[in-house]
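Coordinates as given in query-v3.cif (mmCIF, C-alpha atoms):
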data_structure
loop_
_atom_site.label_atom_id
_atom_site.label_comp_id
_atom_site.auth_asym_id
_atom_site.auth_seq_id
_atom_site.Cartn_x
_atom_site.Cartn_y
_atom_site.Cartn_z
CA MET A 1 6.52 19.55 -9.70
CA ALA A 2 2.80 20.17 -10.25
CA GLN A 3 0.71 17.18 -11.25
CA ARG A 4 -1.21 17.12 -14.51
CA HIS A 5 -4.35 14.99 -14.67
CA LEU A 6 -4.78 13.57 -18.15
CA ASP A 7 -7.38 11.31 -19.67
CA PRO A 8 -5.72 7.95 -20.52
CA THR A 9 -7.50 8.06 -23.91
CA ASP A 10 -5.89 11.40 -24.73
CA PRO A 11 -2.93 10.94 -27.11
CA ARG A 12 -1.02 13.52 -25.05
CA SER A 13 -0.99 11.07 -22.14
CA ARG A 14 1.05 8.54 -24.11
CA PRO A 15 4.83 8.66 -24.46
CA VAL A 16 5.99 10.52 -27.56
CA GLY A 17 9.28 10.54 -29.41
CA PRO A 18 11.68 7.62 -29.77
CA ALA A 19 10.82 4.33 -28.12
CA PRO A 20 12.12 4.16 -24.55
CA THR A 21 14.84 1.54 -24.20
CA GLY A 22 17.01 0.05 -21.49
CA ASP A 23 18.80 3.37 -21.21
CA ALA A 24 15.54 4.97 -20.01
CA LEU A 25 15.12 2.14 -17.53
CA ALA A 26 18.66 2.69 -16.27
CA GLY A 27 17.92 6.39 -15.76
CA TYR A 28 14.74 5.58 -13.84
CA LEU A 29 16.50 3.06 -11.59
CA ARG A 30 19.38 5.46 -10.92
CA ALA A 31 16.89 8.15 -9.95
CA GLN A 32 15.08 5.79 -7.58
CA ALA A 33 18.35 4.63 -6.05
CA THR A 34 19.33 8.26 -5.49
CA GLU A 35 15.97 8.88 -3.78
CA PHE A 36 16.58 5.86 -1.56
CA LEU A 37 20.01 7.14 -0.52
CA ARG A 38 18.69 10.66 0.05
CA ALA A 39 15.91 9.27 2.29
CA LEU A 40 18.43 7.16 4.18
CA ARG A 41 20.62 10.21 4.79
CA LEU A 42 17.57 12.18 6.00
CA HIS A 43 16.65 9.35 8.34
CA ARG A 44 20.11 9.37 9.89
CA GLU A 45 20.11 13.16 10.22
CA THR A 46 16.68 13.37 11.87
CA GLY A 47 17.49 10.67 14.39
CA SER A 48 15.88 7.38 15.36
CA GLY A 49 15.67 7.68 19.11
CA ALA A 50 13.21 9.33 21.46
CA GLY A 51 13.94 12.69 19.89
CA GLY A 52 13.17 11.55 16.36
CA SER A 53 11.37 14.31 14.46
CA GLU A 54 8.62 14.26 11.90
CA GLY A 55 11.38 14.16 9.30
CA SER A 56 12.22 10.62 10.35
CA ALA A 57 8.69 9.51 9.43
CA ASP A 58 8.99 11.27 6.07
CA ALA A 59 12.32 9.54 5.51
CA ALA A 60 10.81 6.13 6.27
CA ARG A 61 7.99 6.74 3.78
CA ALA A 62 10.49 7.87 1.14
CA LEU A 63 12.58 4.73 1.71
CA ARG A 64 9.49 2.56 1.23
CA ARG A 65 8.45 4.49 -1.87
CA SER A 66 11.77 4.15 -3.66
CA ALA A 67 12.23 0.51 -2.57
CA ARG A 68 8.82 -0.36 -4.03
CA ARG A 69 9.60 1.32 -7.33
CA ILE A 70 13.00 -0.33 -7.71
CA SER A 71 11.55 -3.74 -6.84
CA ALA A 72 8.62 -3.29 -9.24
CA SER A 73 10.94 -2.29 -12.08
CA LEU A 74 13.11 -5.34 -11.48
CA HIS A 75 9.98 -7.47 -11.76
CA THR A 76 8.55 -5.88 -14.91
CA PHE A 77 11.81 -5.41 -16.80
CA GLN A 78 13.80 -8.35 -15.46
CA SER A 79 14.65 -9.63 -18.95
CA LEU A 80 16.73 -6.48 -19.51
CA LEU A 81 18.71 -6.86 -16.28
CA ASP A 82 21.17 -9.33 -14.85
CA THR A 83 19.03 -12.25 -13.66
CA ASP A 84 21.01 -13.23 -10.58
CA TRP A 85 21.22 -9.62 -9.43
CA CYS A 86 17.45 -9.15 -9.84
CA GLU A 87 16.60 -12.34 -7.98
CA GLY A 88 18.86 -11.31 -5.13
CA MET A 89 17.62 -7.72 -4.86
CA ARG A 90 13.87 -8.08 -5.19
CA PRO A 91 13.16 -10.02 -1.97
CA GLU A 92 15.52 -7.77 -0.03
CA LEU A 93 13.76 -4.62 -1.20
CA ALA A 94 10.40 -6.21 -0.41
CA TRP A 95 11.69 -6.91 3.10
CA VAL A 96 12.69 -3.27 3.57
CA SER A 97 9.38 -1.93 2.31
CA GLY A 98 7.28 -4.42 4.26
CA THR A 99 9.17 -3.95 7.52
CA LEU A 100 8.92 -0.17 7.39
CA ALA A 101 5.21 -0.30 6.52
CA MET A 102 4.00 -2.25 9.55
CA GLU A 103 4.15 0.47 12.20
CA HIS A 104 2.10 2.87 10.10
CA ALA A 105 -0.35 0.09 9.26
CA TYR A 106 -1.09 -0.64 12.94
CA THR A 107 -1.45 3.06 13.74
CA ALA A 108 -3.89 3.63 10.86
CA ARG A 109 -5.81 0.43 11.68
CA LEU A 110 -6.38 1.50 15.26
CA GLU A 111 -7.61 4.92 14.17
CA ARG A 112 -9.95 3.35 11.62
CA LEU A 113 -11.47 0.98 14.17
CA LEU A 114 -11.86 3.57 16.93
CA SER A 115 -13.46 5.98 14.46
CA ALA A 116 -15.86 3.25 13.35
CA LEU A 117 -16.80 2.46 16.96
CA HIS A 118 -17.78 6.07 17.52
CA ARG A 119 -19.63 6.28 14.23
CA LEU A 120 -21.57 3.10 15.00
CA SER A 121 -22.36 4.40 18.48
CA GLY A 122 -23.67 7.72 17.20
CA SER A 123 -20.97 9.49 19.20
CA THR A 124 -19.47 12.82 18.20
CA ALA A 125 -16.69 12.60 20.74
CA PHE A 126 -13.96 11.51 18.32
CA PRO A 127 -11.57 14.48 18.09
CA ALA A 128 -10.69 16.09 14.78
CA GLN A 129 -7.32 15.00 13.45
CA THR A 130 -4.73 17.72 13.16
CA GLY A 131 -2.45 16.04 10.66
CA GLY A 132 -4.77 14.75 7.97
CA ALA A 133 -5.85 11.12 8.02
CA ALA A 134 -3.84 8.66 10.05
CA ALA A 135 -1.12 9.97 12.29
CA PRO A 136 2.08 9.07 10.46
CA ALA A 137 4.18 6.31 11.90
CA LYS A 138 7.74 7.22 12.77
CA ALA A 139 9.90 4.29 11.80
CA GLY A 140 12.80 6.54 12.49
CA GLY A 141 11.42 7.65 15.88
CA PRO A 142 8.83 6.33 18.30
CA ALA A 143 5.40 6.65 16.71
CA HIS A 144 3.04 8.20 19.18
CA PRO A 145 -0.31 6.41 19.23
CA THR A 146 -3.27 8.27 17.82
CA SER A 147 -5.17 10.05 20.56
CA ALA A 148 -7.91 7.70 21.65
CA PRO A 149 -11.43 9.17 21.59
CA GLU A 150 -13.28 9.94 24.76
CA ARG A 151 -15.28 6.85 25.56
CA GLY A 152 -17.80 8.49 27.87
CA ASN A 153 -20.49 8.55 25.17
CA LEU A 154 -20.01 4.90 24.23
CA THR A 155 -21.85 1.93 25.60
CA VAL A 156 -19.93 -0.21 28.05
CA GLY A 157 -19.41 -2.91 25.41
CA ALA A 158 -18.15 -0.45 22.79
CA ALA A 159 -15.88 1.29 25.29
CA LYS A 160 -14.34 -1.99 26.40
CA ALA A 161 -13.99 -3.08 22.77
CA GLY A 162 -12.12 0.14 22.04
CA ALA A 163 -9.87 -0.34 25.05
CA LEU A 164 -9.09 -3.91 23.99
CA LEU A 165 -8.25 -2.86 20.44
CA ASP A 166 -6.16 0.01 21.79
CA ARG A 167 -4.09 -2.38 23.90
CA GLN A 168 -3.65 -5.03 21.22
CA LEU A 169 -2.86 -2.74 18.29
CA ASN A 170 -0.62 -0.40 20.26
CA LEU A 171 1.34 -3.43 21.45
CA ALA A 172 1.66 -4.60 17.85
CA ARG A 173 2.67 -1.08 16.76
CA THR A 174 5.35 -0.88 19.44
CA ARG A 175 6.76 -4.23 18.37
CA ALA A 176 6.70 -3.14 14.73
CA HIS A 177 8.56 0.04 15.68
CA SER A 178 11.27 -1.98 17.44
CA THR A 179 11.48 -4.36 14.50
CA ALA A 180 11.91 -1.46 12.07
CA LEU A 181 14.67 0.10 14.16
CA GLN A 182 16.48 -3.22 14.41
CA ALA A 183 16.11 -3.77 10.68
CA LEU A 184 17.53 -0.37 9.78
CA GLY A 185 20.55 -1.03 11.97
CA SER A 186 21.15 -4.58 10.76
CA SER A 187 23.94 -5.84 8.55
CA ARG A 188 21.25 -7.09 6.16
CA PHE A 189 19.95 -3.56 5.61
CA HIS A 190 23.46 -2.13 5.27
CA ALA A 191 24.18 -4.70 2.57
CA ILE A 192 21.05 -3.61 0.70
CA ALA A 193 21.99 0.05 1.05
CA ASP A 194 25.44 -0.71 -0.36
CA LYS A 195 23.89 -2.40 -3.40
CA VAL A 196 21.50 0.50 -3.92
CA ALA A 197 24.48 2.90 -3.74
CA VAL A 198 26.12 0.95 -6.58
CA LEU A 199 22.83 1.02 -8.50
CA ALA A 200 22.78 4.81 -8.31
CA SER A 201 25.77 4.88 -10.64
CA GLU A 202 25.82 1.49 -12.36
CA VAL A 203 22.75 -0.43 -13.56
CA PRO A 204 23.40 -4.09 -14.54
CA LEU A 205 21.71 -4.06 -17.95
CA THR A 206 22.04 -6.91 -20.43
CA LYS A 207 24.01 -6.29 -23.60
CA SER A 208 20.88 -5.95 -25.72
CA ALA A 209 18.97 -3.72 -23.29
CA GLY A 210 20.22 -0.50 -24.89
CA THR A 211 18.32 -1.23 -28.10
CA THR A 212 15.30 -3.05 -26.61
CA ASP A 213 11.94 -1.26 -26.52
CA LEU A 214 10.48 -1.11 -23.01
CA ARG A 215 6.89 -0.79 -24.21
CA PRO A 216 6.14 -4.49 -24.85
CA LEU A 217 7.23 -5.35 -21.32
CA ALA A 218 5.11 -2.54 -19.89
CA THR A 219 2.19 -3.70 -22.03
CA ALA A 220 2.61 -7.21 -20.64
CA ALA A 221 2.34 -5.79 -17.11
CA GLU A 222 -0.85 -4.01 -18.10
CA GLY A 223 -2.15 -7.23 -19.62
CA ARG A 224 -1.59 -9.13 -16.37
CA LEU A 225 -3.55 -6.43 -14.57
CA THR A 226 -6.39 -6.56 -17.09
CA ASP A 227 -6.60 -10.36 -16.85
CA ALA A 228 -6.68 -10.23 -13.06
CA VAL A 229 -9.44 -7.61 -13.08
CA ALA A 230 -11.43 -9.74 -15.54
CA ALA A 231 -11.32 -12.61 -13.03
CA LEU A 232 -12.89 -10.47 -10.28
CA PRO A 233 -16.65 -10.74 -9.61
CA LEU A 234 -17.25 -7.26 -10.99
CA VAL A 235 -20.88 -8.02 -11.85
CA THR A 236 -21.59 -8.74 -8.21
CA ALA A 237 -19.48 -5.83 -7.03
CA GLY A 238 -21.49 -3.55 -9.34
CA ASN A 239 -24.54 -4.02 -7.13
CA PRO A 240 -24.33 -2.06 -3.87
CA TYR A 241 -25.16 -3.89 -0.64
CA ASN A 242 -24.79 -7.30 -2.27
CA ALA A 243 -23.49 -8.77 1.03
CA ALA A 244 -20.85 -10.85 -0.77
CA ALA A 245 -18.16 -9.50 1.53
CA LEU A 246 -20.03 -10.89 4.55
CA VAL A 247 -20.00 -14.47 3.29
CA HIS A 248 -18.09 -16.73 5.71
CA GLY A 249 -18.24 -13.93 8.28
CA LEU A 250 -19.03 -16.44 11.02
CA SER A 251 -16.42 -18.96 9.95
CA PRO A 252 -14.16 -20.17 12.78
CA ASP A 253 -11.22 -20.02 10.37
CA THR A 254 -8.74 -17.35 11.48
CA VAL A 255 -6.98 -16.98 8.12
CA PRO A 256 -7.78 -13.89 6.00
CA HIS A 257 -10.89 -14.06 3.86
CA PRO A 258 -9.94 -16.04 0.73
CA GLN A 259 -12.30 -13.88 -1.32
CA ASP A 260 -10.11 -10.84 -0.59
CA ALA A 261 -6.94 -12.35 -2.07
CA PRO A 262 -7.78 -11.70 -5.76
CA TRP A 263 -8.53 -8.05 -4.96
CA HIS A 264 -5.24 -7.70 -3.09
CA GLN A 265 -3.47 -9.21 -6.10
CA VAL A 266 -5.09 -6.68 -8.43
CA ARG A 267 -3.88 -3.92 -6.12
CA LEU A 268 -0.29 -5.15 -6.48
CA LEU A 269 -0.60 -5.55 -10.26
CA LEU A 270 -2.06 -2.05 -10.53
CA ARG A 271 0.99 -0.73 -8.71
CA LEU A 272 3.32 -2.59 -11.08
CA HIS A 273 1.45 -1.14 -14.05
CA ARG A 274 1.64 2.38 -12.64
CA TYR A 275 5.37 2.16 -11.97
CA ALA A 276 5.99 0.73 -15.45
CA ARG A 277 4.27 3.80 -16.90
CA GLU A 278 6.57 6.01 -14.83
CA ALA A 279 9.62 4.21 -16.21
CA LEU A 280 8.39 4.67 -19.78
CA ARG A 281 7.92 8.39 -19.24
CA GLY A 282 11.08 8.86 -17.20
CA GLU A 283 9.12 10.17 -14.22
CA PRO A 284 11.07 9.20 -11.09
CA ASN A 285 8.25 10.00 -8.68
CA GLY A 286 5.21 9.90 -10.93
CA ASN A 287 4.73 13.65 -10.51
CA ALA A 288 4.32 14.77 -14.09
CA VAL A 289 1.22 12.93 -15.30
CA VAL A 290 -1.46 11.35 -13.16
CA ASP A 291 -3.90 8.93 -14.81
CA LEU A 292 -7.16 9.60 -12.96
CA ARG A 293 -8.38 6.07 -13.64
CA LEU A 294 -5.34 4.50 -12.02
CA LEU A 295 -5.39 6.97 -9.16
CA SER A 296 -9.05 6.34 -8.31
CA ALA A 297 -8.76 2.59 -8.77
CA GLY A 298 -5.69 2.45 -6.55
CA GLN A 299 -7.39 4.48 -3.83
CA ALA A 300 -10.39 2.12 -3.86
CA LEU A 301 -8.14 -0.92 -3.57
CA ASN A 302 -6.19 0.69 -0.74
CA ARG A 303 -9.46 1.20 1.14
CA HIS A 304 -10.33 -2.44 0.40
CA ARG A 305 -7.05 -3.62 1.91
CA ASP A 306 -7.38 -1.37 4.96
CA ALA A 307 -10.96 -2.41 5.70
CA SER A 308 -10.17 -6.08 5.21
CA GLU A 309 -7.29 -5.94 7.66
CA ALA A 310 -9.30 -3.89 10.15
CA ALA A 311 -12.11 -6.46 10.05
CA ALA A 312 -9.57 -9.21 10.72
CA ALA A 313 -8.24 -7.24 13.71
CA ALA A 314 -11.76 -6.88 15.13
CA ALA A 315 -12.38 -10.60 14.68
CA GLN A 316 -9.08 -11.43 16.34
CA ALA A 317 -9.92 -9.21 19.31
CA ALA A 318 -13.30 -10.93 19.63
CA ARG A 319 -11.48 -14.23 20.12
CA THR A 320 -9.79 -12.91 23.27
CA PRO A 321 -10.61 -15.34 26.09
CA ARG A 322 -13.03 -14.33 28.87
CA ILE A 323 -14.23 -11.04 27.41
CA ALA A 324 -17.72 -9.88 28.33
CA PRO A 325 -20.60 -10.67 25.97
CA ALA A 326 -21.26 -6.96 25.41
CA THR A 327 -17.63 -6.49 24.34
CA ALA A 328 -17.78 -9.45 21.98
CA TYR A 329 -21.03 -8.11 20.52
CA ALA A 330 -19.51 -4.68 19.88
CA LEU A 331 -16.53 -6.29 18.16
CA GLY A 332 -18.87 -8.39 16.04
CA VAL A 333 -20.75 -5.30 14.90
CA LEU A 334 -17.41 -3.63 14.18
CA HIS A 335 -16.28 -6.63 12.13
CA ALA A 336 -19.48 -6.55 10.06
CA ASP A 337 -19.10 -2.80 9.54
CA GLN A 338 -15.59 -3.20 8.15
CA ARG A 339 -16.69 -6.04 5.89
CA HIS A 340 -19.34 -3.65 4.54
CA GLU A 341 -16.50 -1.18 3.96
CA VAL A 342 -14.74 -3.91 1.97
CA GLU A 343 -17.86 -4.25 -0.13
CA GLY A 344 -18.11 -0.49 -0.63
CA ALA A 345 -14.50 -0.35 -1.83
CA ARG A 346 -15.18 -3.14 -4.33
CA PHE A 347 -18.18 -1.20 -5.62
CA ALA A 348 -16.08 1.97 -5.97
CA PHE A 349 -13.38 0.08 -7.87
CA GLN A 350 -15.95 -1.53 -10.17
CA GLN A 351 -17.51 1.83 -10.97
CA CYS A 352 -14.13 3.38 -11.69
CA TRP A 353 -12.91 0.51 -13.84
CA GLN A 354 -16.14 0.07 -15.82
CA LYS A 355 -16.26 3.77 -16.67
CA ALA A 356 -12.68 3.64 -17.88
CA THR A 357 -13.41 0.55 -19.98
CA VAL A 358 -16.38 2.24 -21.65
CA SER A 359 -14.38 5.39 -22.35
CA THR A 360 -11.59 3.44 -24.08
CA SER A 361 -13.78 1.05 -26.08
#
Would you give me this structure, written as structure tokens?
Amino acid sequence: MAQRHLDPTDPRSRPVGPAPTGDALAGYLRAQATEFLRALRLHRETGSGAGGSEGSADAARALRRSARRISASLHTFQSLLDTDWCEGMRPELAWVSGTLAMEHAYTARLERLLSALHRLSGSTAFPAQTGGAAAPAKAGGPAHPTSAPERGNLTVGAAKAGALLDRQLNLARTRAHSTALQALGSSRFHAIADKVAVLASEVPLTKSAGTTDLRPLATAAEGRLTDAVAALPLVTAGNPYNAAALVHGLSPDTVPHPQDAPWHQVRLLLRLHRYAREALRGEPNGNAVVDLRLLSAGQALNRHRDASEAAAAAAQAARTPRIAPATAYALGVLHADQRHEVEGARFAFQQCWQKATVSTS
């Protein structure tokens, strides 16, 4: 279905007709459960061994997508669903989505860091990608690592930094691939799939859900997002090159930057808000109406997450014992570069959000 980009201030972008109730929620959940089962069937048909095709990667992404939407709906509209069932399903769906996401995350992180090394070195040797951005991970088949760039035009330190990152992240990717395969074959996953199969035909609504308006619950989700955005340092983020993202850059602490956590939380709340809007409209895959504000804001926060995790990977590699000073220096420059990317993503989000706030005030 073709996407339509509508202004969120346009009355046409708001649901019309009778208030959506628990019946609309049930339809949305059934549709997502059906998508989950369809993706699972595709995964089994395309294979999970050495001969796994590109379809297996598509199936893994579809499984993650539907699992996220079901879990988000259980969170936002929990008061309309059986409490015990919700509390049992949500962590299991989060486990499925998180486990299947890791292989792709390591593949994309390695590509991001190797690309940055070449950009910082002034090299043009990094080959053009044939499949878009990051090479898709194949949770259903062995994900082939992204072709590493030729390192002949890099300094010795940058080349060795790239080789170190290649080894560490490909090892992590391989382990994530094995973990995903084990998860998909586990009794735990089969139990989840059985419950999703039941959900495709029977949604455990409360007795009053059929006459309860979904909009107040969706509005509450939007309110949590708005409150979380208000707590962000948007004034600082509105100034480019403010260096806030580099604070504590030399800290010996190996935990993720605490300043990133509120931005990651906003990213999750934005996703909950977006999926709640889909449920109100009865759009199983969000294909009918795309709010440009939410789309742009989500893309900025995705870049923030990716750059933050890439910077952490560079810092972790720099802690490898007995590496040469030139290698450590290259990794330090790479870490700073990705923290600047974090800052740039915050600026992009601030610009997007502030414009939307002005347009709706």
>> Expand the PyMOL selection byres ((chain A and resi 77) around 10) into the explicit residue set it covers here, and present it as a list of chain:residue names.
In response: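 Listing what the PyMOL selection byres ((chain A and resi 77) around 10) selects in the shown file: A:Gly22, A:Leu25, A:Ala72, A:Ser73, A:Leu74, A:His75, A:Thr76, A:Gln78, A:Ser79, A:Leu80, A:Leu81, A:Cys86, A:Ala209, A:Leu214, A:Pro216, A:Leu217, A:Ala218, A:Ala221, A:Ala276, A:Ala279.
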>> Calculated over all atoms listed in the file, which of the candidates A:Gly298, A:Pro240, A:Gly157, A:Pro252 has the smallest distance to Gln265 in chain A?
In response: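 Nearest candidate to Gln265 in chain A out of A:Gly298, A:Pro240, A:Gly157, A:Pro252: A:Gly298.
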>> So that I can see what lies close to Ala230 in chain A, please list as number ranges by chain the residues with an atom at most 12 Å from it, counting all atoms listed in the file and leaving out residues fewer than 3 positions away in the same chain.
In response: A: 223-227, 233-235, 262-263, 266, 350, 353-354, 357
Around all the atoms of range 330-344 of chain A listed in the file, with 8 Å of room on each side, what axis-aligned box do you get, giving centre and edge lengths in Å to one decimal, as lines of an AutoDock Vina configuration file?
center_x = -17.7
center_y = -4.4
center_z = 9.6
size_x = 22.0
size_y = 23.9
size_z = 36.5
>> Between A:Ala62, A:Ala200, A:Ile323, A:Leu268, which residue has the minimum interatomic distance to Ala31 in chain A, considering only C-alpha atoms?
In response: A:Ala200
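Nearest to Thr99 in chain A of all the residues A:Ala180, A:Leu269, A:Ala172, A:Ala237 is A:Ala180, counting all atoms listed in the file.
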Could you tell me which residues the PyMOL selection byres ((chain A and resi 282) around 8) grabs in this file, written as an mmCIF file with C-alpha atoms, in the frame of the given file?
data_model
loop_
_atom_site.group_PDB
_atom_site.id
_atom_site.type_symbol
_atom_site.label_atom_id
_atom_site.label_comp_id
_atom_site.auth_asym_id
_atom_site.auth_seq_id
_atom_site.Cartn_x
_atom_site.Cartn_y
_atom_site.Cartn_z
ATOM 1 C CA ALA A 24 15.540 4.970 -20.010
ATOM 2 C CA LEU A 25 15.120 2.140 -17.530
ATOM 3 C CA GLY A 27 17.920 6.390 -15.760
ATOM 4 C CA TYR A 28 14.740 5.580 -13.840
ATOM 5 C CA GLU A 278 6.570 6.010 -14.830
ATOM 6 C CA ALA A 279 9.620 4.210 -16.210
ATOM 7 C CA LEU A 280 8.390 4.670 -19.780
ATOM 8 C CA ARG A 281 7.920 8.390 -19.240
ATOM 9 C CA GLU A 283 9.120 10.170 -14.220
ATOM 10 C CA PRO A 284 11.070 9.200 -11.090
#
> To one decimal place, how far is CA of His257 in chain A from CA of Gln168 in chain A in Å?
Replying inline: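 Atom-to-atom, CA of His257 in chain A to CA of Gln168 in chain A, that is 20.9 Å.
The smallest atom-to-atom distance between Glu87 in chain A and any of A:Leu37, A:Ser71, A:Ser66, A:Leu117, using all atoms listed in the file, is found for A:Ser71.
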>> Could you list, as JSON, numbers by chain, every residue matched by the PyMOL selection byres ((chain A and resi 89) around 12) in this structure?
In response: {"A": [67, 68, 70, 71, 72, 73, 74, 75, 78, 81, 82, 83, 84, 85, 86, 87, 88, 90, 91, 92, 93, 94, 95, 96, 188, 189, 191, 192, 193, 194, 195, 196, 199, 204]}
> Distance CA of Leu295 in chain A-CA of Ala345 in chain A, one decimal place?
Replying inline: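 Computing it gives 13.8 Å between the two atoms.
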> Using only C-alpha atoms, which of A:Ala336, A:Ala101, A:Leu272, A:Ala59 sits nearest Ala307 in chain A?
Replying inline: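 For Ala307 in chain A, the nearest of the given residues is A:Ala336.
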>> Calculated over all atoms listed in the file, which of the candidates A:Arg339, A:Lys355, A:Arg215, A:His118 has the smallest distance to Ser296 in chain A?
In response: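 Using all atoms listed in the file, the shortest distance to Ser296 in chain A belongs to A:Lys355.
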> If we count only C-alpha atoms, what is near range 241-244 of chain A at a cut-off of 10 Å, once residues fewer than 2 positions away on the same chain are taken out, given as a PyMOL selection string?
Replying inline: chain A and resi 233+236-239+246-249+259+339-340+342-344+347
